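*Asks:* I'd like to ask you about the structure that follows.
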Number of protein chains: 2
Amino acid sequence: MVPRHDLTARRLPEPSEAPTGAPPAGPPAPRGPQDTTTAGEALAGYLNRQAAELLRGLRLHDENAGSAETAAQAAEAVRLLRRSARRISGALHTFRPLLDSAWADRVSAELRWLSGVLAREHAYAARLDRLLAALHRLSSPAGGGDGGPGGERDEPPRTGRPGAGAAKAGALLERQLTLARTRAHSAALRALGSGRFHAVADEVAVLASDAPVQDRAADRPAELTLGPLAELTHRRLVEAVEALPTGSQALAHTLTAEEGRHDAAWHQVRHLARLTRYGLEVLVGDPGADDTTAPLHGALLLAGHQLDRHRDAAEAAAAAAAAGRTPRIAPTTAYALGVLHADQRHEVEAARAAFTRIWPTP
Amino acid sequence: MVPRHDLTARRLPEPSEAPTGAPPAGPPAPRGPQDTTTAGEALAGYLNRQAAELLRGLRLHDENAGSAETAAQAAEAVRLLRRSARRISGALHTFRPLLDSAWADRVSAELRWLSGVLAREHAYAARLDRLLAALHRLSSPAGGGDGGPGGERDEPPRTGRPGAGAAKAGALLERQLTLARTRAHSAALRALGSGRFHAVADEVAVLASDAPVQDRAADRPAELTLGPLAELTHRRLVEAVEALPTGSQALAHTLTAEEGRHDAAWHQVRHLARLTRYGLEVLVGDPGADDTTAPLHGALLLAGHQLDRHRDAAEAAAAAAAAGRTPRIAPTTAYALGVLHADQRHEVEAARAAFTRIWPTP
């Protein structure tokens with residue numbers, strides 16, 4: 001057994017400026033291409049701040065985990081952890097030519113593993129919320145008084161209680177996703193106590209004070225050295241967007257195993273959009289407040305919202321489909337899950353359409 | 001028993017101009033507000049032509065019904081019958097102040113009954129086609145070679161054969177809608193042999209040569225007399241469009257009996273759009289070729305296409321829902337029907353959105 005990692009023994013730096021957790025309301029961050037910051041200062045500064053954030057999240061989690069009273073604080077701590085783990089991982093990936101590449105790849109991959117493990121509990125909870133909200137929308141009565149004119153309806157009369165299927169579908173999803181969430185919670189706790197985690201936490205502790213930027217690049221101006229690498233990530237994103245499959249029919253293949261075959265390409269665009277955004281943060285500190293980066297940063301935030309919605313809807317649709325394959329469910333339950341599945345796949349289509357509308361075409 | 005109506009004994013007029021069945025490719029029809037046609041001539045002429053068309057359809061049906069070899073011709077005859085019955089009924093309704101109102105109301109209602117009875121067989125066939133095509137789209141494999149990048153998928157692995165539910169749902173719909181279609185066919189044949197039909201056919205035979213337009217209106221210019229009445233129908237349409245419920249959430253209430261509560265308002269708009277279009281035909285013969293009516297006529301045709309799509313999708317969704325309530329179906333069948341139902345309700349929403357986009361706002 002690996003001994004419990006002692007956080008109190010870990011040297012926490014006191015960064016001279018506030019972490020970039022929330023964008024500062026004041027003037028743009030001092031680090032940026034417009035001044036004489038070197039690449040080493042900019043990259044090391046970013047890694048320092050994010051590493052400090054990660055260690056702060058870790059400390060917060062240790063203080064609050066395991067008690068029902070402080071569950072909200074523990075969840076917030078996990079959010080902090082994931083947030084900075086993603087950013088460090090992204091920076092190490094984008095700017096690896098300025099670092100020991102093998103080391104950067106290894107730590108980046110470990111942080112990706114960590115944020116993945118930590119994301120799951122929240123994802124299952126959010127998925128359940130999304131599906132129950134959709135079921136509610138699909139099955140709640142319309143409320144009296146505003147019905148259309150009472151013209152004759154050519155539809156066959158409805159028999160049975162249509163709401164019963166929705167209620168049973170909701171109960172089934174709640175059971176399945178709550179179980180998945182509980183397991184994800186245990187897995188996250190196990191991960192945070194594992195030797196694998198302690199090893200990466202040690203690396204982060206070093207990053208918090210001393211980022212290993214290569215000497216030959218460290219003294220060059222940030223704009224000349226970091227700029228082209230950030231642009232490379234951006235170019236990968238643009239190419240991934242251009243390669244997205246187009247012209248699919250709405251809901252095509254919904255009832256086949258191939259339904260989600262295009263989803264992965266979209267998830268990859270989501271990943272690259274985040275990487276690009278983090279690259280801008282390294283470059284200018286507060287990319288939303290910098291004239292040169294604000295348009296792209298704004299587009300990335302807007303697009304990111306649709307790409308998140310796309311990912312969430314795709315996974316919710318898959319969860320509805322998985323619930324629909326539960327043996328021995330009632331036909332009414334299966335029917336409601338089928339409606340729910342199609343509803344979420346339409347959300348997927350809507351998110352793709354919205355992304356296409358807002359994404360600036362060259 | 002009412003004796004079989006003897007069509008050969010019915011005096012068929014030889015109209016001096018071609019029926020308006022297909023819009024003439026040549027110059028605009030001579031009847032129109034731009035010349036000195038009287039209201040009596042314009043309305044009687046339209047009723048004459050449409051009545052002749054109806055009788056032609058009836059003769060064609062008598063010649064071709066009951067034989068598998070001539071089923072296509074019989075179906076075309078029914079289409080002709082419905083087409084002219086709708087137009088006569090619409091003209092009698094819109095221009096009833098120029099006619100014996102009680103007589104016009106009675107014959108208009110009987111022709112509406114007739115076109116309704118005759119429409120059902122085709123409607124069930126088209127509904128089955130629509131649902132099977134949708135199932136095919138939803139369940140056909142995507143075809144090899146163009147899968148997305150092979151990134152990892154966060155979805156649970158699929159088990160079972162997703163196509164099986166779609167196949168069984170298709171078979172169930174085929175059984176149910178083919179039965180309904182067969183019954184509708186018998187009902188249409190019964191209707192065409194009924195005393196009720198013979199009575200209305202006699203009225204139409206009179207219309208074919210002699211439309212009972214009231215003397216006091218007959219001699220006034222068509223534009224001054226028919227125009228305001230056609231405009232009244234158009235105004236009812238505009239008001240019905242303005243009163244359409246707005247702001248509903250996509251797929252809201254899909255799983256409740258209230259799902260289609262707004263459908264009737266849309267079906268009424270469809271009915272009024274047709275009435276308005278037929279009114280224009282009375283007014284100018286070929287409203288698509290007349291400068292004053294062409295814009296409205298074009299809008300009515302485009303809107304009508306979306307309103308037809310709306311009606312067809314709403315009824316297909318209801319048929320999928322009805323099939324989903326069949327006792328003792330397998331959960332996979334019910335699941336596929338739920339997906340299909342939601343798919344068609346999305347078609348309903350898409351048709352509403354398309355209508356709203358193309359309908360000229362005042």
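Every chain in the structure tokens has a letter given in the order shown (A, B, ...), and although residue numbers restart at 1 in each chain, ligands are simply numbered from 1 in the order shown.
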Which neighbours of Arg236 in chain A fall inside 12 Å, counting only C-alpha atoms, when residues of the same chain fewer than 5 positions from it are skipped, and could you give them as a list in words?

*Replies:*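 My reading of the contact set: Thr94, Leu229, Ala230, Glu231, Val241, Glu242, Ala243, Gln268, Val269, Arg270, His271, Leu272, Ala273, Arg274, Leu275 and Thr276 of chain A.
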
*Asks:* Write out as a PDB file with C-alpha atoms, in the first residue's frame all residues of range 14-252 of chain B that DSSP puts in helix (DSSP H, G or I) for this structure's backbone.

*Replies:*
```
ATOM      1  CA  ALA B  39     -69.339  37.709 -61.059  1.00  0.00           C
ATOM      2  CA  GLY B  40     -71.945  35.288 -62.331  1.00  0.00           C
ATOM      3  CA  GLU B  41     -69.829  34.259 -65.293  1.00  0.00           C
ATOM      4  CA  ALA B  42     -66.668  33.815 -63.215  1.00  0.00           C
ATOM      5  CA  LEU B  43     -68.232  31.800 -60.406  1.00  0.00           C
ATOM      6  CA  ALA B  44     -70.481  29.726 -62.651  1.00  0.00           C
ATOM      7  CA  GLY B  45     -67.586  29.071 -65.007  1.00  0.00           C
ATOM      8  CA  TYR B  46     -65.391  27.821 -62.177  1.00  0.00           C
ATOM      9  CA  LEU B  47     -68.160  25.623 -60.773  1.00  0.00           C
ATOM     10  CA  ASN B  48     -68.918  24.289 -64.265  1.00  0.00           C
ATOM     11  CA  ARG B  49     -65.326  23.299 -64.864  1.00  0.00           C
ATOM     12  CA  GLN B  50     -64.781  21.723 -61.486  1.00  0.00           C
ATOM     13  CA  ALA B  51     -68.075  19.844 -61.677  1.00  0.00           C
ATOM     14  CA  ALA B  52     -67.086  18.500 -65.075  1.00  0.00           C
ATOM     15  CA  GLU B  53     -63.781  17.394 -63.581  1.00  0.00           C
ATOM     16  CA  LEU B  54     -65.573  15.624 -60.752  1.00  0.00           C
ATOM     17  CA  LEU B  55     -67.862  13.806 -63.142  1.00  0.00           C
ATOM     18  CA  ARG B  56     -64.872  12.871 -65.307  1.00  0.00           C
ATOM     19  CA  GLY B  57     -63.154  11.442 -62.214  1.00  0.00           C
ATOM     20  CA  LEU B  58     -66.290   9.528 -61.354  1.00  0.00           C
ATOM     21  CA  ARG B  59     -66.566   8.044 -64.844  1.00  0.00           C
ATOM     22  CA  LEU B  60     -62.853   7.147 -64.762  1.00  0.00           C
ATOM     23  CA  HIS B  61     -63.370   5.448 -61.414  1.00  0.00           C
ATOM     24  CA  ASP B  62     -66.352   3.459 -62.633  1.00  0.00           C
ATOM     25  CA  GLU B  63     -64.313   2.258 -65.612  1.00  0.00           C
ATOM     26  CA  ASN B  64     -61.286   1.211 -63.559  1.00  0.00           C
ATOM     27  CA  ALA B  71     -55.809   0.072 -59.718  1.00  0.00           C
ATOM     28  CA  ALA B  72     -53.483   2.971 -60.597  1.00  0.00           C
ATOM     29  CA  GLN B  73     -56.098   4.523 -62.878  1.00  0.00           C
ATOM     30  CA  ALA B  74     -58.771   4.048 -60.208  1.00  0.00           C
ATOM     31  CA  ALA B  75     -56.529   5.770 -57.658  1.00  0.00           C
ATOM     32  CA  GLU B  76     -55.929   8.637 -60.090  1.00  0.00           C
ATOM     33  CA  ALA B  77     -59.698   8.879 -60.586  1.00  0.00           C
ATOM     34  CA  VAL B  78     -60.203   9.157 -56.826  1.00  0.00           C
ATOM     35  CA  ARG B  79     -57.559  11.893 -56.747  1.00  0.00           C
ATOM     36  CA  LEU B  80     -59.450  13.830 -59.449  1.00  0.00           C
ATOM     37  CA  LEU B  81     -62.703  13.345 -57.569  1.00  0.00           C
ATOM     38  CA  ARG B  82     -61.226  14.641 -54.310  1.00  0.00           C
ATOM     39  CA  ARG B  83     -59.488  17.505 -56.006  1.00  0.00           C
ATOM     40  CA  SER B  84     -62.615  18.891 -57.648  1.00  0.00           C
ATOM     41  CA  ALA B  85     -64.853  18.066 -54.664  1.00  0.00           C
ATOM     42  CA  ARG B  86     -62.557  20.184 -52.433  1.00  0.00           C
ATOM     43  CA  ARG B  87     -62.615  23.050 -54.921  1.00  0.00           C
ATOM     44  CA  ILE B  88     -66.377  23.065 -55.430  1.00  0.00           C
ATOM     45  CA  SER B  89     -66.903  22.795 -51.690  1.00  0.00           C
ATOM     46  CA  GLY B  90     -64.477  25.677 -51.116  1.00  0.00           C
ATOM     47  CA  ALA B  91     -66.046  27.898 -53.782  1.00  0.00           C
ATOM     48  CA  LEU B  92     -69.557  27.254 -52.442  1.00  0.00           C
ATOM     49  CA  HIS B  93     -68.316  28.151 -48.958  1.00  0.00           C
ATOM     50  CA  THR B  94     -66.383  31.287 -49.872  1.00  0.00           C
ATOM     51  CA  ARG B  96     -72.116  31.551 -50.523  1.00  0.00           C
ATOM     52  CA  PRO B  97     -73.518  35.129 -50.362  1.00  0.00           C
ATOM     53  CA  LEU B  98     -73.846  34.958 -54.146  1.00  0.00           C
ATOM     54  CA  SER B 101     -76.873  30.007 -48.838  1.00  0.00           C
ATOM     55  CA  ALA B 102     -78.734  27.019 -47.422  1.00  0.00           C
ATOM     56  CA  TRP B 103     -78.192  25.070 -50.627  1.00  0.00           C
ATOM     57  CA  ALA B 104     -74.516  26.067 -50.803  1.00  0.00           C
ATOM     58  CA  ASP B 105     -73.912  25.050 -47.178  1.00  0.00           C
ATOM     59  CA  ARG B 106     -75.583  21.696 -47.682  1.00  0.00           C
ATOM     60  CA  VAL B 107     -73.759  20.774 -50.909  1.00  0.00           C
ATOM     61  CA  SER B 108     -70.449  22.115 -49.564  1.00  0.00           C
ATOM     62  CA  ALA B 109     -70.771  19.942 -46.463  1.00  0.00           C
ATOM     63  CA  GLU B 110     -71.656  16.867 -48.513  1.00  0.00           C
ATOM     64  CA  LEU B 111     -68.648  17.384 -50.778  1.00  0.00           C
ATOM     65  CA  ARG B 112     -66.425  17.794 -47.703  1.00  0.00           C
ATOM     66  CA  TRP B 113     -67.759  14.483 -46.431  1.00  0.00           C
ATOM     67  CA  LEU B 114     -67.071  12.913 -49.822  1.00  0.00           C
ATOM     68  CA  SER B 115     -63.490  14.152 -50.122  1.00  0.00           C
ATOM     69  CA  GLY B 116     -62.870  13.107 -46.515  1.00  0.00           C
ATOM     70  CA  VAL B 117     -64.084   9.556 -47.117  1.00  0.00           C
ATOM     71  CA  LEU B 118     -62.120   9.318 -50.350  1.00  0.00           C
ATOM     72  CA  ALA B 119     -58.926  10.727 -48.814  1.00  0.00           C
ATOM     73  CA  ARG B 120     -58.511   8.081 -46.154  1.00  0.00           C
ATOM     74  CA  GLU B 121     -57.232   5.151 -48.196  1.00  0.00           C
ATOM     75  CA  HIS B 122     -54.477   7.250 -49.717  1.00  0.00           C
ATOM     76  CA  ALA B 123     -53.705   8.798 -46.320  1.00  0.00           C
ATOM     77  CA  TYR B 124     -53.127   5.418 -44.656  1.00  0.00           C
ATOM     78  CA  ALA B 125     -50.919   4.279 -47.529  1.00  0.00           C
ATOM     79  CA  ALA B 126     -48.892   7.494 -47.412  1.00  0.00           C
ATOM     80  CA  ARG B 127     -48.637   7.294 -43.606  1.00  0.00           C
ATOM     81  CA  LEU B 128     -47.281   3.764 -43.789  1.00  0.00           C
ATOM     82  CA  ASP B 129     -44.764   4.832 -46.456  1.00  0.00           C
ATOM     83  CA  ARG B 130     -43.682   7.766 -44.321  1.00  0.00           C
ATOM     84  CA  LEU B 131     -43.256   5.668 -41.176  1.00  0.00           C
ATOM     85  CA  LEU B 132     -41.395   2.857 -42.939  1.00  0.00           C
ATOM     86  CA  ALA B 133     -39.088   5.387 -44.600  1.00  0.00           C
ATOM     87  CA  ALA B 134     -38.416   6.977 -41.212  1.00  0.00           C
ATOM     88  CA  LEU B 135     -37.743   3.578 -39.640  1.00  0.00           C
ATOM     89  CA  HIS B 136     -35.400   2.811 -42.502  1.00  0.00           C
ATOM     90  CA  ARG B 137     -33.532   6.078 -41.943  1.00  0.00           C
ATOM     91  CA  LEU B 138     -33.391   5.422 -38.207  1.00  0.00           C
ATOM     92  CA  SER B 139     -32.273   1.832 -38.433  1.00  0.00           C
ATOM     93  CA  PRO B 162     -30.937  -2.725 -32.210  1.00  0.00           C
ATOM     94  CA  GLY B 163     -32.323  -3.409 -35.675  1.00  0.00           C
ATOM     95  CA  ALA B 164     -34.650  -6.109 -34.401  1.00  0.00           C
ATOM     96  CA  GLY B 165     -36.951  -3.619 -32.669  1.00  0.00           C
ATOM     97  CA  ALA B 166     -37.180  -1.496 -35.806  1.00  0.00           C
ATOM     98  CA  ALA B 167     -38.018  -4.520 -37.956  1.00  0.00           C
ATOM     99  CA  LYS B 168     -40.743  -5.636 -35.577  1.00  0.00           C
ATOM    100  CA  ALA B 169     -42.090  -2.087 -35.273  1.00  0.00           C
ATOM    101  CA  GLY B 170     -42.228  -1.876 -39.061  1.00  0.00           C
ATOM    102  CA  ALA B 171     -44.099  -5.165 -39.307  1.00  0.00           C
ATOM    103  CA  LEU B 172     -46.572  -4.034 -36.647  1.00  0.00           C
ATOM    104  CA  LEU B 173     -47.204  -0.709 -38.400  1.00  0.00           C
ATOM    105  CA  GLU B 174     -47.557  -2.453 -41.737  1.00  0.00           C
ATOM    106  CA  ARG B 175     -50.163  -4.790 -40.265  1.00  0.00           C
ATOM    107  CA  GLN B 176     -52.133  -2.045 -38.549  1.00  0.00           C
ATOM    108  CA  LEU B 177     -52.036   0.534 -41.342  1.00  0.00           C
ATOM    109  CA  THR B 178     -52.685  -1.983 -44.111  1.00  0.00           C
ATOM    110  CA  LEU B 179     -55.772  -3.115 -42.232  1.00  0.00           C
ATOM    111  CA  ALA B 180     -56.872   0.506 -41.813  1.00  0.00           C
ATOM    112  CA  ARG B 181     -56.200   1.138 -45.494  1.00  0.00           C
ATOM    113  CA  THR B 182     -58.247  -1.867 -46.575  1.00  0.00           C
ATOM    114  CA  ARG B 183     -61.136  -0.712 -44.413  1.00  0.00           C
ATOM    115  CA  ALA B 184     -60.848   2.802 -45.839  1.00  0.00           C
ATOM    116  CA  HIS B 185     -60.926   1.360 -49.355  1.00  0.00           C
ATOM    117  CA  SER B 186     -64.134  -0.559 -48.591  1.00  0.00           C
ATOM    118  CA  ALA B 187     -65.625   2.522 -46.932  1.00  0.00           C
ATOM    119  CA  ALA B 188     -64.819   4.611 -50.020  1.00  0.00           C
ATOM    120  CA  LEU B 189     -66.443   2.056 -52.326  1.00  0.00           C
ATOM    121  CA  ARG B 190     -69.491   1.881 -50.032  1.00  0.00           C
ATOM    122  CA  ALA B 191     -69.693   5.674 -50.033  1.00  0.00           C
ATOM    123  CA  LEU B 192     -69.554   5.830 -53.844  1.00  0.00           C
ATOM    124  CA  GLY B 195     -77.720   7.139 -51.782  1.00  0.00           C
ATOM    125  CA  ARG B 196     -75.966   9.986 -50.011  1.00  0.00           C
ATOM    126  CA  PHE B 197     -73.342  10.066 -52.736  1.00  0.00           C
ATOM    127  CA  HIS B 198     -75.901   9.830 -55.516  1.00  0.00           C
ATOM    128  CA  ALA B 199     -77.726  12.810 -54.104  1.00  0.00           C
ATOM    129  CA  VAL B 200     -74.591  14.972 -54.091  1.00  0.00           C
ATOM    130  CA  ALA B 201     -73.564  13.655 -57.523  1.00  0.00           C
ATOM    131  CA  ASP B 202     -76.919  14.834 -58.858  1.00  0.00           C
ATOM    132  CA  GLU B 203     -76.273  18.311 -57.467  1.00  0.00           C
ATOM    133  CA  VAL B 204     -72.845  18.330 -59.096  1.00  0.00           C
ATOM    134  CA  ALA B 205     -74.348  17.229 -62.415  1.00  0.00           C
ATOM    135  CA  VAL B 206     -76.560  20.302 -62.293  1.00  0.00           C
ATOM    136  CA  LEU B 207     -73.565  22.493 -61.384  1.00  0.00           C
ATOM    137  CA  ASP B 215     -79.470  37.175 -60.315  1.00  0.00           C
ATOM    138  CA  ARG B 216     -78.830  40.353 -58.377  1.00  0.00           C
ATOM    139  CA  ALA B 217     -75.109  39.595 -58.078  1.00  0.00           C
ATOM    140  CA  ALA B 218     -74.576  37.819 -61.360  1.00  0.00           C
ATOM    141  CA  ALA B 222     -66.351  39.886 -60.864  1.00  0.00           C
ATOM    142  CA  GLU B 223     -63.658  41.920 -59.149  1.00  0.00           C
ATOM    143  CA  LEU B 224     -66.109  44.018 -57.117  1.00  0.00           C
ATOM    144  CA  THR B 225     -68.265  41.101 -56.014  1.00  0.00           C
ATOM    145  CA  LEU B 226     -65.974  38.079 -55.783  1.00  0.00           C
ATOM    146  CA  GLY B 227     -62.891  40.015 -54.662  1.00  0.00           C
ATOM    147  CA  PRO B 228     -64.157  41.041 -51.217  1.00  0.00           C
ATOM    148  CA  LEU B 229     -65.418  37.530 -50.493  1.00  0.00           C
ATOM    149  CA  ALA B 230     -62.086  35.947 -51.468  1.00  0.00           C
ATOM    150  CA  GLU B 231     -60.362  38.585 -49.355  1.00  0.00           C
ATOM    151  CA  LEU B 232     -62.575  37.673 -46.393  1.00  0.00           C
ATOM    152  CA  THR B 233     -61.279  34.094 -46.520  1.00  0.00           C
ATOM    153  CA  HIS B 234     -57.745  35.391 -46.827  1.00  0.00           C
ATOM    154  CA  ARG B 235     -58.310  37.583 -43.748  1.00  0.00           C
ATOM    155  CA  ARG B 236     -59.578  34.590 -41.771  1.00  0.00           C
ATOM    156  CA  LEU B 237     -56.366  32.787 -42.734  1.00  0.00           C
ATOM    157  CA  VAL B 238     -54.174  35.703 -41.642  1.00  0.00           C
ATOM    158  CA  GLU B 239     -56.001  35.861 -38.319  1.00  0.00           C
ATOM    159  CA  ALA B 240     -55.699  32.119 -37.811  1.00  0.00           C
ATOM    160  CA  VAL B 241     -51.949  32.329 -38.463  1.00  0.00           C
ATOM    161  CA  GLU B 242     -51.616  35.209 -36.010  1.00  0.00           C
TER     162      GLU B 242
END
```

*Asks:* What is the CA of Gly193 in chain B to CA of Val213 in chain B distance in Å?

*Replies:* 29.4 Å

*Asks:* If we count only C-alpha atoms and set the cut-off at 7 Å, which residues sit around range 323-331 of chain A, ignoring sequence neighbours fewer than 5 positions away in its own chain? Please answer as a list in words.

*Replies:* Leu173 and Leu337 of chain A; Ile329, Ala330, Pro331, Ala334 and Tyr335 of chain B

*Asks:* Store the residues picked out above in a file with N, CA, C and O atoms, as a compact mmCIF listing (two decimals), in the first residue's frame.

*Replies:*
```txt
# COMPACT_ATOMS: atom_id res chain seq x y z
N LEU A 173 -33.88 5.08 -14.80
CA LEU A 173 -32.68 5.90 -15.04
C LEU A 173 -32.07 6.34 -13.72
O LEU A 173 -30.84 6.33 -13.55
N LEU A 337 -38.47 5.51 -23.04
CA LEU A 337 -37.01 5.62 -23.20
C LEU A 337 -36.64 5.85 -24.66
O LEU A 337 -35.69 6.58 -24.97
N ILE B 329 -46.64 -6.12 -26.79
CA ILE B 329 -45.51 -6.03 -27.73
C ILE B 329 -44.22 -6.14 -26.94
O ILE B 329 -44.19 -5.91 -25.73
N ALA B 330 -43.15 -6.50 -27.65
CA ALA B 330 -41.83 -6.62 -27.00
C ALA B 330 -41.31 -5.24 -26.65
O ALA B 330 -41.60 -4.27 -27.34
N PRO B 331 -40.52 -5.13 -25.57
CA PRO B 331 -39.94 -3.82 -25.22
C PRO B 331 -39.12 -3.21 -26.35
O PRO B 331 -39.16 -1.99 -26.56
N ALA B 334 -41.51 -1.58 -28.68
CA ALA B 334 -42.03 -0.35 -28.08
C ALA B 334 -40.97 0.75 -28.13
O ALA B 334 -41.28 1.91 -28.43
N TYR B 335 -39.72 0.37 -27.85
CA TYR B 335 -38.62 1.36 -27.86
C TYR B 335 -38.50 1.99 -29.25
O TYR B 335 -38.44 3.22 -29.38
```

*Asks:* Given the choices B:Glu281, B:Glu69, B:Glu259, B:Asp286, which gets closest to chain A if the distance is worked out from only C-alpha atoms?

*Replies:*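 Comparing B:Glu281, B:Glu69, B:Glu259, B:Asp286 against chain A, the winner is B:Glu259.
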
*Asks:* So which residues touch range 350-358 of chain B within 10 Å, counting only C-alpha atoms, skipping near sequence neighbours fewer than 4 positions away, as a ChimeraX atom specification?

*Replies:* /B:241,246,250,266,299-300,302-311,313,344-346

*Asks:* Considering only C-alpha atoms, state which residue in the set A:Ala294, A:Val339, A:Ala252, A:Ala314 is at the smallest distance from His267 in chain A.

*Replies:* A:Ala314
